[in-house]
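So this one's work.cif, mmCIF, C-alpha atoms and all ligand atoms:
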data_data
loop_
_atom_site.label_atom_id
_atom_site.label_comp_id
_atom_site.auth_asym_id
_atom_site.auth_seq_id
_atom_site.Cartn_x
_atom_site.Cartn_y
_atom_site.Cartn_z
CA MET A 1 42.29 -0.41 -32.59
CA LYS A 2 40.05 -2.96 -34.31
CA ILE A 3 36.84 -4.58 -33.04
CA ARG A 4 37.15 -8.31 -33.55
CA THR A 5 33.62 -9.44 -34.28
CA ALA A 6 31.96 -12.83 -34.76
CA ILE A 7 28.68 -13.15 -36.64
CA VAL A 8 25.98 -15.79 -36.19
CA GLY A 9 23.65 -15.97 -39.20
CA VAL A 10 25.26 -14.93 -42.50
CA GLY A 11 21.91 -13.76 -43.88
CA ASN A 12 20.54 -10.62 -45.47
CA CYS A 13 20.97 -8.36 -42.44
CA PHE A 14 24.60 -9.32 -42.03
CA ALA A 15 25.14 -8.85 -45.78
CA GLY A 16 23.78 -5.30 -45.45
CA LEU A 17 26.18 -4.57 -42.62
CA TYR A 18 29.27 -6.18 -44.11
CA GLN A 19 28.79 -4.79 -47.63
CA GLY A 20 27.79 -1.39 -46.24
CA ILE A 21 31.10 -1.05 -44.39
CA GLU A 22 32.90 -1.90 -47.64
CA TYR A 23 30.75 0.64 -49.51
CA TYR A 24 31.84 3.42 -47.15
CA LYS A 25 35.49 2.35 -47.38
CA LYS A 26 35.33 2.78 -51.17
CA MET A 27 33.82 6.25 -51.21
CA ASP A 28 35.57 9.53 -50.68
CA THR A 29 32.57 11.87 -50.66
CA GLU A 30 30.36 12.65 -47.65
CA ARG A 31 29.12 9.51 -45.92
CA ILE A 32 25.32 9.52 -45.73
CA GLY A 33 23.54 7.12 -43.40
CA LEU A 34 25.74 6.91 -40.33
CA MET A 35 24.33 7.79 -36.92
CA HIS A 36 27.90 8.11 -35.58
CA GLU A 37 31.12 8.47 -37.51
CA ASN A 38 33.01 7.63 -34.31
CA ILE A 39 31.94 6.04 -31.05
CA GLY A 40 34.64 6.62 -28.46
CA PRO A 41 37.87 5.70 -30.24
CA TYR A 42 36.06 3.51 -32.79
CA SER A 43 35.21 4.33 -36.37
CA TRP A 44 32.79 2.14 -38.37
CA LYS A 45 35.86 0.94 -40.32
CA ASP A 46 37.38 -0.59 -37.19
CA ILE A 47 34.78 -3.37 -37.23
CA GLU A 48 36.40 -6.56 -38.51
CA PHE A 49 34.52 -9.80 -39.08
CA VAL A 50 36.89 -12.48 -37.91
CA LEU A 51 34.56 -15.46 -37.40
CA ALA A 52 31.24 -16.37 -39.01
CA TYR A 53 28.76 -19.17 -38.29
CA ASP A 54 25.80 -20.51 -40.27
CA VAL A 55 24.01 -23.77 -41.09
CA SER A 56 23.20 -23.37 -44.77
CA LYS A 57 25.01 -25.90 -47.00
CA ASN A 58 25.80 -23.17 -49.52
CA LYS A 59 27.43 -20.93 -46.87
CA VAL A 60 29.26 -23.23 -44.42
CA GLY A 61 32.80 -23.99 -45.62
CA LYS A 62 32.74 -21.07 -48.08
CA PRO A 63 34.85 -17.92 -47.79
CA LEU A 64 32.79 -15.25 -46.06
CA HIS A 65 33.25 -12.77 -48.90
CA GLU A 66 31.45 -15.27 -51.21
CA ALA A 67 28.93 -16.70 -48.73
CA VAL A 68 27.52 -13.24 -48.17
CA TYR A 69 26.11 -13.37 -51.74
CA ALA A 70 24.85 -16.98 -51.51
CA LYS A 71 21.12 -17.57 -52.00
CA PRO A 72 18.72 -16.63 -50.49
CA ASN A 73 20.72 -13.48 -49.68
CA TYR A 74 19.66 -10.64 -51.97
CA VAL A 75 21.81 -7.74 -50.75
CA LYS A 76 24.10 -6.19 -53.35
CA ILE A 77 25.29 -2.86 -52.02
CA VAL A 78 28.68 -3.59 -53.59
CA ASP A 79 29.25 -6.10 -56.40
CA SER A 80 32.03 -8.00 -54.66
CA MET A 81 33.76 -8.11 -51.30
CA PRO A 82 37.53 -8.37 -50.79
CA GLU A 83 38.84 -11.68 -49.58
CA ASN A 84 39.53 -11.62 -45.84
CA GLY A 85 40.53 -15.23 -45.16
CA VAL A 86 37.42 -16.02 -43.10
CA ILE A 87 35.65 -19.31 -43.79
CA VAL A 88 32.05 -19.71 -42.59
CA GLN A 89 31.93 -22.29 -39.81
CA GLU A 90 29.28 -24.79 -38.83
CA ALA A 91 26.76 -23.75 -36.16
CA PRO A 92 24.39 -26.10 -34.35
CA VAL A 93 21.12 -26.19 -36.30
CA LEU A 94 18.83 -26.65 -33.27
CA ASP A 95 15.59 -24.72 -33.98
CA GLY A 96 17.14 -22.19 -36.38
CA VAL A 97 15.51 -23.29 -39.62
CA GLY A 98 11.76 -22.87 -40.00
CA LYS A 99 9.57 -25.22 -42.03
CA TRP A 100 8.94 -22.86 -44.99
CA VAL A 101 12.49 -21.55 -45.15
CA LYS A 102 13.76 -25.10 -45.80
CA ASP A 103 12.48 -24.72 -49.37
CA MET A 104 14.85 -21.78 -49.94
CA PHE A 105 18.15 -23.39 -48.89
CA GLU A 106 19.41 -26.72 -47.66
CA PRO A 107 20.38 -26.76 -44.00
CA MET A 108 23.32 -29.02 -43.17
CA GLU A 109 23.24 -32.00 -40.85
CA ASN A 110 25.50 -31.21 -37.92
CA THR A 111 28.75 -33.16 -38.07
CA ALA A 112 29.18 -33.49 -34.31
CA PRO A 113 27.05 -33.56 -31.15
CA ILE A 114 26.13 -30.22 -29.68
CA GLU A 115 28.55 -30.47 -26.73
CA VAL A 116 31.46 -31.05 -29.13
CA LEU A 117 30.40 -28.11 -31.30
CA ARG A 118 30.01 -25.94 -28.20
CA GLU A 119 33.54 -26.65 -27.02
CA LYS A 120 34.99 -26.10 -30.50
CA ILE A 121 33.16 -22.78 -30.90
CA ILE A 122 34.12 -21.47 -27.45
CA ASN A 123 37.77 -22.32 -28.21
CA GLU A 124 37.61 -20.59 -31.61
CA ILE A 125 36.13 -17.49 -30.05
CA LYS A 126 38.75 -17.38 -27.31
CA GLU A 127 41.66 -18.13 -29.62
CA ASN A 128 40.57 -15.40 -32.03
CA ASN A 129 40.20 -12.83 -29.23
CA ILE A 130 36.67 -11.97 -30.29
CA ASP A 131 35.37 -8.78 -28.68
CA VAL A 132 31.75 -8.84 -29.83
CA LEU A 133 29.40 -11.62 -30.92
CA ILE A 134 26.45 -10.42 -32.99
CA ASN A 135 23.36 -12.55 -33.37
CA TYR A 136 21.26 -12.39 -36.54
CA LEU A 137 19.45 -15.74 -36.27
CA PRO A 138 15.93 -16.21 -37.66
CA VAL A 139 12.83 -15.37 -35.63
CA GLY A 140 11.76 -18.26 -33.42
CA SER A 141 15.25 -19.72 -32.80
CA GLN A 142 14.87 -19.92 -29.03
CA LYS A 143 17.30 -22.82 -28.47
CA ALA A 144 19.86 -21.58 -30.95
CA VAL A 145 19.92 -18.08 -29.46
CA GLU A 146 20.27 -19.48 -25.94
CA PHE A 147 23.18 -21.58 -27.22
CA TRP A 148 24.94 -18.42 -28.47
CA ALA A 149 24.14 -16.38 -25.34
CA ASP A 150 25.77 -19.17 -23.36
CA VAL A 151 28.79 -19.13 -25.70
CA ALA A 152 29.16 -15.38 -25.08
CA LEU A 153 29.01 -15.96 -21.32
CA GLU A 154 31.52 -18.82 -21.42
CA SER A 155 33.97 -17.01 -23.68
CA GLY A 156 33.64 -13.57 -22.05
CA THR A 157 32.44 -11.98 -25.31
CA ALA A 158 30.13 -8.95 -25.51
CA PHE A 159 26.78 -9.91 -27.04
CA VAL A 160 24.59 -7.92 -29.44
CA ASN A 161 21.21 -9.56 -29.90
CA CYS A 162 19.54 -8.22 -33.03
CA MET A 163 16.48 -10.45 -33.00
CA PRO A 164 13.45 -11.06 -30.83
CA ILE A 165 14.41 -13.92 -28.54
CA PHE A 166 14.57 -12.18 -25.18
CA ILE A 167 18.02 -12.30 -23.58
CA ALA A 168 18.96 -8.73 -22.53
CA SER A 169 15.33 -8.13 -21.55
CA ASN A 170 15.00 -11.46 -19.74
CA PRO A 171 16.06 -10.77 -16.12
CA GLU A 172 17.46 -14.30 -15.66
CA TRP A 173 19.73 -14.05 -18.68
CA GLU A 174 20.60 -10.41 -18.06
CA ASN A 175 21.67 -11.32 -14.55
CA LYS A 176 24.08 -13.94 -15.92
CA PHE A 177 25.73 -11.25 -18.06
CA ARG A 178 25.86 -8.85 -15.10
CA GLU A 179 27.35 -11.48 -12.79
CA LYS A 180 30.12 -12.20 -15.29
CA ASN A 181 30.55 -8.49 -16.08
CA ILE A 182 29.96 -9.06 -19.81
CA PRO A 183 28.11 -6.35 -21.74
CA ILE A 184 24.95 -7.13 -23.69
CA ILE A 185 22.82 -4.94 -25.99
CA GLY A 186 19.38 -6.26 -26.94
CA ASP A 187 16.82 -7.32 -27.93
CA ASP A 188 15.54 -7.07 -31.54
CA ILE A 189 17.21 -4.30 -33.47
CA LYS A 190 15.23 -1.17 -34.37
CA SER A 191 15.76 -0.19 -37.96
CA GLN A 192 17.34 3.15 -38.75
CA VAL A 193 14.16 4.57 -40.29
CA GLY A 194 11.81 1.61 -39.99
CA ALA A 195 8.20 0.94 -39.08
CA THR A 196 8.85 0.68 -35.33
CA ILE A 197 10.69 3.96 -34.85
CA ILE A 198 8.15 5.84 -37.01
CA HIS A 199 5.19 4.27 -35.21
CA ARG A 200 6.72 4.95 -31.77
CA VAL A 201 7.47 8.57 -32.55
CA LEU A 202 3.93 9.17 -33.86
CA ALA A 203 2.35 7.47 -30.84
CA LYS A 204 4.48 9.67 -28.56
CA LEU A 205 3.44 12.72 -30.59
CA PHE A 206 -0.23 12.00 -29.83
CA GLU A 207 0.58 11.86 -26.13
CA ASP A 208 2.82 14.94 -26.14
CA ARG A 209 0.14 16.99 -27.94
CA GLY A 210 -2.63 15.98 -25.52
CA ALA A 211 -4.41 13.74 -28.05
CA ILE A 212 -5.38 10.16 -27.37
CA LEU A 213 -4.51 7.15 -29.55
CA ASP A 214 -7.60 4.95 -29.60
CA ARG A 215 -6.68 2.34 -32.21
CA SER A 216 -3.63 1.50 -34.28
CA TYR A 217 -2.24 -1.10 -36.62
CA GLN A 218 1.04 -1.75 -38.40
CA LEU A 219 0.99 -4.33 -41.18
CA ASN A 220 4.32 -5.34 -42.67
CA PHE A 221 5.15 -7.49 -45.68
CA GLY A 222 8.21 -8.30 -47.73
CA GLY A 223 9.84 -10.98 -49.85
CA ASN A 224 12.91 -12.36 -48.04
CA THR A 225 13.49 -15.40 -45.83
CA ASP A 226 12.79 -13.29 -42.74
CA PHE A 227 9.19 -12.73 -43.94
CA LEU A 228 8.86 -16.29 -45.23
CA ASN A 229 9.98 -17.63 -41.85
CA MET A 230 7.44 -15.44 -40.11
CA LEU A 231 4.58 -17.12 -41.97
CA GLU A 232 5.06 -19.82 -39.35
CA ARG A 233 2.89 -18.20 -36.71
CA GLU A 234 4.28 -20.30 -33.84
CA ARG A 235 7.73 -18.78 -34.40
CA LEU A 236 6.29 -15.30 -34.27
CA LYS A 237 5.13 -14.83 -30.70
CA SER A 238 8.09 -12.89 -29.34
CA LYS A 239 8.38 -10.79 -32.53
CA LYS A 240 4.81 -9.58 -32.09
CA ILE A 241 5.41 -8.88 -28.40
CA SER A 242 8.60 -6.99 -29.20
CA LYS A 243 7.03 -4.81 -31.91
CA THR A 244 3.79 -4.17 -30.03
CA GLU A 245 5.39 -3.32 -26.68
CA SER A 246 7.79 -1.01 -28.43
CA VAL A 247 4.87 1.21 -29.50
CA LYS A 248 2.70 0.71 -26.40
CA SER A 249 5.58 1.76 -24.14
CA GLN A 250 5.33 5.31 -25.53
CA LEU A 251 1.75 5.74 -24.26
CA LYS A 252 1.90 6.38 -20.53
CA LYS A 253 -0.97 8.77 -19.83
CA HIS A 254 -3.58 6.92 -21.87
CA PRO A 255 -2.40 3.34 -22.43
CA ILE A 256 -3.91 1.74 -25.51
CA LYS A 257 -5.95 -1.40 -24.90
CA ASP A 258 -4.56 -4.69 -26.22
CA GLU A 259 -7.60 -5.25 -28.40
CA ASN A 260 -7.07 -1.87 -30.07
CA ILE A 261 -3.53 -2.39 -31.31
CA HIS A 262 -2.37 -4.85 -33.95
CA ILE A 263 1.24 -4.99 -35.05
CA GLY A 264 3.00 -7.74 -36.90
CA PRO A 265 4.41 -9.21 -40.06
CA SER A 266 1.46 -10.02 -42.25
CA ASP A 267 2.56 -11.65 -45.46
CA TYR A 268 5.34 -12.84 -47.75
CA VAL A 269 5.46 -11.55 -51.33
CA PRO A 270 8.47 -13.27 -52.97
CA PHE A 271 9.15 -10.73 -55.74
CA MET A 272 9.56 -7.95 -53.16
CA LYS A 273 12.86 -9.55 -51.98
CA ASN A 274 14.39 -7.30 -49.30
CA ASN A 275 11.90 -4.54 -49.92
CA LYS A 276 9.44 -4.13 -47.12
CA VAL A 277 6.19 -2.23 -47.08
CA ALA A 278 4.53 -1.19 -43.83
CA TYR A 279 1.06 0.27 -43.58
CA ILE A 280 0.56 2.17 -40.35
CA ARG A 281 -2.75 3.59 -39.19
CA LEU A 282 -3.34 5.64 -36.07
CA GLU A 283 -6.86 6.66 -35.02
CA GLY A 284 -7.33 9.13 -32.23
CA ARG A 285 -9.13 12.06 -30.73
CA MET A 286 -7.97 15.61 -30.13
CA TRP A 287 -9.55 18.81 -28.72
CA ALA A 288 -13.21 18.38 -27.74
CA ASP A 289 -13.02 14.64 -28.50
CA VAL A 290 -12.88 15.35 -32.24
CA PRO A 291 -11.69 12.23 -34.11
CA PHE A 292 -8.84 12.15 -36.64
CA ASN A 293 -6.60 9.54 -38.21
CA ILE A 294 -3.24 9.13 -39.92
CA GLU A 295 -2.45 6.62 -42.68
CA LEU A 296 1.14 6.05 -43.60
CA ARG A 297 2.94 3.80 -46.07
CA LEU A 298 6.63 3.07 -45.63
CA ASP A 299 8.53 1.45 -48.49
CA VAL A 300 12.10 0.58 -47.60
CA ASP A 301 14.97 -1.86 -48.08
CA ASP A 302 14.88 -3.55 -44.70
CA LYS A 303 18.49 -4.73 -44.57
CA PRO A 304 20.62 -1.58 -44.76
CA ASN A 305 17.96 -0.31 -42.38
CA SER A 306 19.09 -2.72 -39.68
CA ALA A 307 22.79 -2.37 -40.55
CA GLY A 308 22.75 1.39 -39.89
CA VAL A 309 21.92 0.58 -36.28
CA ALA A 310 24.03 -2.57 -35.84
CA VAL A 311 27.15 -0.61 -36.78
CA ASP A 312 26.63 1.46 -33.62
CA ALA A 313 25.59 -1.46 -31.41
CA ILE A 314 28.85 -3.32 -32.08
CA ARG A 315 30.95 -0.26 -31.22
CA LEU A 316 28.94 0.50 -28.06
CA ALA A 317 29.32 -3.11 -26.87
CA LYS A 318 33.07 -2.91 -27.43
CA LEU A 319 33.28 0.41 -25.60
CA ALA A 320 31.55 -1.16 -22.60
CA LYS A 321 33.94 -4.09 -22.72
CA ASP A 322 36.95 -1.74 -22.77
CA ARG A 323 35.52 0.07 -19.75
CA ASN A 324 34.85 -3.16 -17.89
CA ILE A 325 31.09 -2.59 -17.79
CA GLY A 326 28.86 -5.66 -17.76
CA GLY A 327 25.15 -6.51 -17.95
CA ALA A 328 22.58 -4.87 -20.20
CA LEU A 329 23.57 -1.43 -21.46
CA LEU A 330 20.30 0.34 -20.77
CA GLY A 331 20.69 3.54 -22.78
CA PRO A 332 22.12 1.89 -25.92
CA SER A 333 19.63 -1.00 -25.68
CA ALA A 334 16.70 1.44 -25.43
CA TYR A 335 18.04 3.57 -28.27
CA LEU A 336 18.91 0.75 -30.66
CA MET A 337 16.54 -2.11 -29.81
CA LYS A 338 12.78 -2.66 -29.89
CA HIS A 339 12.63 -4.74 -26.72
CA PRO A 340 15.25 -3.43 -24.29
CA PRO A 341 15.21 -4.23 -20.56
CA VAL A 342 13.87 -0.73 -19.92
CA GLN A 343 11.92 1.39 -22.44
CA TYR A 344 12.65 5.11 -22.71
CA PRO A 345 11.28 7.69 -25.13
CA ASP A 346 13.67 7.83 -28.10
CA PRO A 347 15.13 11.31 -27.45
CA GLU A 348 15.92 10.27 -23.86
CA ALA A 349 17.45 6.98 -24.98
CA LYS A 350 19.58 8.87 -27.50
CA GLN A 351 20.77 11.27 -24.81
CA MET A 352 21.61 8.36 -22.48
CA THR A 353 23.60 6.78 -25.31
CA GLU A 354 25.53 10.00 -25.94
CA GLU A 355 26.27 10.22 -22.20
CA PHE A 356 27.38 6.61 -22.21
CA ILE A 357 29.77 7.33 -25.08
CA LYS A 358 31.21 10.24 -23.09
CA GLY A 359 31.82 7.86 -20.19
CA GLU A 360 28.91 8.77 -17.96
CA HIS A 361 27.88 5.23 -17.18
CA GLN A 362 24.35 4.54 -16.06
CA THR A 363 24.10 1.47 -13.86
CA HIS A 364 21.17 -0.87 -14.17
CA GLN A 365 19.96 0.15 -10.73
CA ASN A 366 20.06 3.93 -11.08
CA GLN A 367 18.45 3.70 -14.50
CA THR A 368 15.54 1.50 -13.50
CA GLU A 369 14.80 3.90 -10.61
CA GLU A 370 13.91 6.53 -13.21
CA THR A 371 10.40 6.97 -14.54
CA SER A 372 10.65 4.59 -17.47
CA GLU A 373 9.12 1.22 -17.86
CA THR A 374 10.77 -2.12 -17.26
CA VAL A 375 9.74 -4.58 -19.96
N1 LIG H 401 15.45 -4.60 -40.43
C1 LIG H 401 15.54 -5.92 -40.30
O1 LIG H 401 15.74 -6.62 -41.26
C2 LIG H 401 15.46 -6.54 -38.92
C3 LIG H 401 15.04 -5.77 -37.84
C4 LIG H 401 14.94 -6.38 -36.60
C5 LIG H 401 15.26 -7.72 -36.45
N2 LIG H 401 15.65 -8.45 -37.54
C6 LIG H 401 15.93 -9.86 -37.32
O2 LIG H 401 17.26 -10.20 -37.69
C7 LIG H 401 17.29 -11.60 -37.98
C8 LIG H 401 18.07 -11.85 -39.27
O3 LIG H 401 17.33 -11.36 -40.37
P1 LIG H 401 17.81 -11.67 -41.86
O4 LIG H 401 16.93 -10.92 -42.76
O5 LIG H 401 19.27 -11.55 -41.97
O6 LIG H 401 17.44 -13.23 -41.98
P2 LIG H 401 17.98 -14.28 -43.03
O7 LIG H 401 16.96 -15.34 -43.12
O8 LIG H 401 18.39 -13.59 -44.29
O9 LIG H 401 19.33 -14.83 -42.37
C9 LIG H 401 19.37 -15.75 -41.31
C10 LIG H 401 20.63 -16.56 -41.45
O10 LIG H 401 20.71 -17.44 -40.33
C11 LIG H 401 21.12 -18.72 -40.80
N3 LIG H 401 20.74 -19.72 -39.79
C12 LIG H 401 19.57 -20.38 -39.64
N4 LIG H 401 19.62 -21.20 -38.55
C13 LIG H 401 20.88 -21.06 -38.05
C14 LIG H 401 21.53 -21.63 -36.92
N5 LIG H 401 20.94 -22.51 -36.12
N6 LIG H 401 22.80 -21.23 -36.68
C15 LIG H 401 23.44 -20.33 -37.47
N7 LIG H 401 22.87 -19.76 -38.55
C16 LIG H 401 21.58 -20.12 -38.82
C17 LIG H 401 20.48 -18.85 -42.14
O11 LIG H 401 21.12 -19.84 -42.93
C18 LIG H 401 20.67 -17.44 -42.68
O12 LIG H 401 21.92 -17.32 -43.32
C19 LIG H 401 15.85 -12.08 -38.04
O13 LIG H 401 15.50 -12.68 -36.83
C20 LIG H 401 15.09 -10.77 -38.21
O14 LIG H 401 13.75 -10.82 -37.77
C21 LIG H 401 15.76 -7.88 -38.76
#
Represent the structure from my file as structure tokens, please.
Amino acid sequence: MKIRTAIVGVGNCFAGLYQGIEYYKKMDTERIGLMHENIGPYSWKDIEFVLAYDVSKNKVGKPLHEAVYAKPNYVKIVDSMPENGVIVQEAPVLDGVGKWVKDMFEPMENTAPIEVLREKIINEIKENNIDVLINYLPVGSQKAVEFWADVALESGTAFVNCMPIFIASNPEWENKFREKNIPIIGDDIKSQVGATIIHRVLAKLFEDRGAILDRSYQLNFGGNTDFLNMLERERLKSKKISKTESVKSQLKKHPIKDENIHIGPSDYVPFMKNNKVAYIRLEGRMWADVPFNIELRLDVDDKPNSAGVAVDAIRLAKLAKDRNIGGALLGPSAYLMKHPPVQYPDPEAKQMTEEFIKGEHQTHQNQTEETSETV
């Protein structure tokens, strides 16, 4: 059985996911880099991209297998993608395109009013029997993301929210998904081995070993449109909240003070392209108040890093849909996302996800009664 998927935002992250699936299809040796070969009945190769939406003039109207290489996408895991008959469709621009990013590509002028586009898109999604809608819009696209969350609700499509506009972790929105019994996983995808997961695990290590984390920073920079867009500080608020809370949530016994933690994207260095560097520093005290610190530098291609997690999120959302489970999937959201409705330590979130896959469903209520923290 296939998972009929629609994508919003044919950017670098999507390119990493789409090309990565093709990469695995082409190889016959051991597959490195998958968290799950199968999730329930679904293999990674069952994910099919049936509809795609964007606003860039050099992507809309183009076949998806070509648009995925259009500038300013840099991903080239495979040199070419097979034709699949999908043409990138027009999305409403709304607040999707930031002021600096406009220099990198030309956004289209919408050809119809938003209500007309909304109706057309909902019809397309219904007619194409889309199972899962995955959102990879730029940081700061509040209106655009709300548009797509509403489309998921109206069309009965499971929603995976990979970026930091809060939908799954916003009780009002989450409630809408629960009322309509539509599954949602969100918000803001954790990378496979990225700055957030490393920082969280180290913060938790301090706590588990009886040490205290007094001060910490995480400075990130890279050279793609994601980093360029984040130079616009006004678009960045929820991204900073998402990344900071993700680490803070791991410190229960000795919470770190707001003034002692600084996490965020810090700069844009064009020649780095999709490469991202993160500097992480943790300063603390151990036995007898003796101070110590850790300095860490992560150097990673940020896009496959998100794809290795998205490939599971899509399958988990589909599994929930098959089982008629709606609302935020708490275990999978905590395992895969930086800003889930409820934060759990990563090993616990992983276990909850494995239980979910086996069919042991955790309801929102019985999960939030546990010890963990509601965001
Ligand atoms: N590891 C990671 O890279 C990672 C981790 C967590 C979250 N994210 C988030 O994922 C999102 C996508 O990242 P990316 O690197 O692919 O960005 P990107 O800039 O490469 O791609 C964004 C795409 O969205 C399109 N777009 C802009 N406005 C639109 C609109 N209104 N409707 C439809 N399409 C629109 C752009 O044309 C572009 O193709 C970002 O919000 C990023 O912060 C990425």
Practice item. Find the residues near segment 192-205 of chain A: any atom within 10 Å, counting all atoms listed in the file, skip ones fewer than 2 places away on the same chain, and give them as a PyMOL selection string. Key: chain A and resi 33-35+189-190+207-213+216-220+242-252+263+276-282+284+294+296-310+335-338+345-347
Closest-contact table, segment 38-113 of chain A side, partner segment 145-155 of chain A, 10 Å, counting only C-alpha atoms, as a tab-separated table:
residue	atom	partner	partner_atom	distance
A:Ala91	CA	A:Trp148	CA	9.5
A:Pro92	CA	A:Phe147	CA	8.5
A:Leu94	CA	A:Phe147	CA	9.0
A:Asp95	CA	A:Val145	CA	9.1
A:Gly96	CA	A:Val145	CA	8.5
**Study point:** Shortest interatomic distance to ligand LIG 401 (chain H) - which of A:Ile3, A:Val97, A:Ala70, A:Ala158, counting all atoms listed in the file
**Key:** A:Val97
Please tell me which residues are no farther than 7 Å from (23.3, 3.3, -23.5) in the file, counting all atoms listed in the file, and write them as a PDB file with C-alpha atoms, keeping the file's coordinate frame.
ATOM      1  CA  LEU A 329      23.570  -1.430 -21.460  1.00  0.00           C
ATOM      2  CA  LEU A 330      20.300   0.340 -20.770  1.00  0.00           C
ATOM      3  CA  GLY A 331      20.690   3.540 -22.780  1.00  0.00           C
ATOM      4  CA  PRO A 332      22.120   1.890 -25.920  1.00  0.00           C
ATOM      5  CA  SER A 333      19.630  -1.000 -25.680  1.00  0.00           C
ATOM      6  CA  MET A 352      21.610   8.360 -22.480  1.00  0.00           C
ATOM      7  CA  THR A 353      23.600   6.780 -25.310  1.00  0.00           C
ATOM      8  CA  PHE A 356      27.380   6.610 -22.210  1.00  0.00           C
TER       9      PHE A 356
END
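Taking atom CA of Arg118 of chain A and atom C18 of ligand LIG 401 (chain H) as the two end points, the separation is 19.2 Å.
Distance check against Phe227 of chain A using all atoms listed in the file: of A:Val269, A:Val75, A:Ala317, A:Val88, the minimum falls on A:Val269.
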Check your understanding: Interatomic distance between atom CA of Arg235 of chain A and atom CA of Gly140 of chain A?
Key ->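 So the two atoms, atom CA of Arg235 of chain A and atom CA of Gly140 of chain A, lie 4.2 Å apart.
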Check your understanding: From the list A:Glu90, A:Tyr69, A:Ile77, A:Lys45, which residue is nearest Pro113 of chain A when using all atoms listed in the file?
Key -> A:Glu90
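The residue that comes closest to ligand LIG 401 (chain H), out of A:Tyr136, A:Tyr268, A:Tyr74, A:Phe105 and on the basis of all atoms listed in the file, is A:Tyr136.
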Practice item. Select all residues near (35.8, 3.7, -44.2) (cut-off 12 Å, inclusive, file coordinates), counting all atoms listed in the file, and output them as a PyMOL selection string. Key: chain A and resi 18-31+34+37-38+42-48
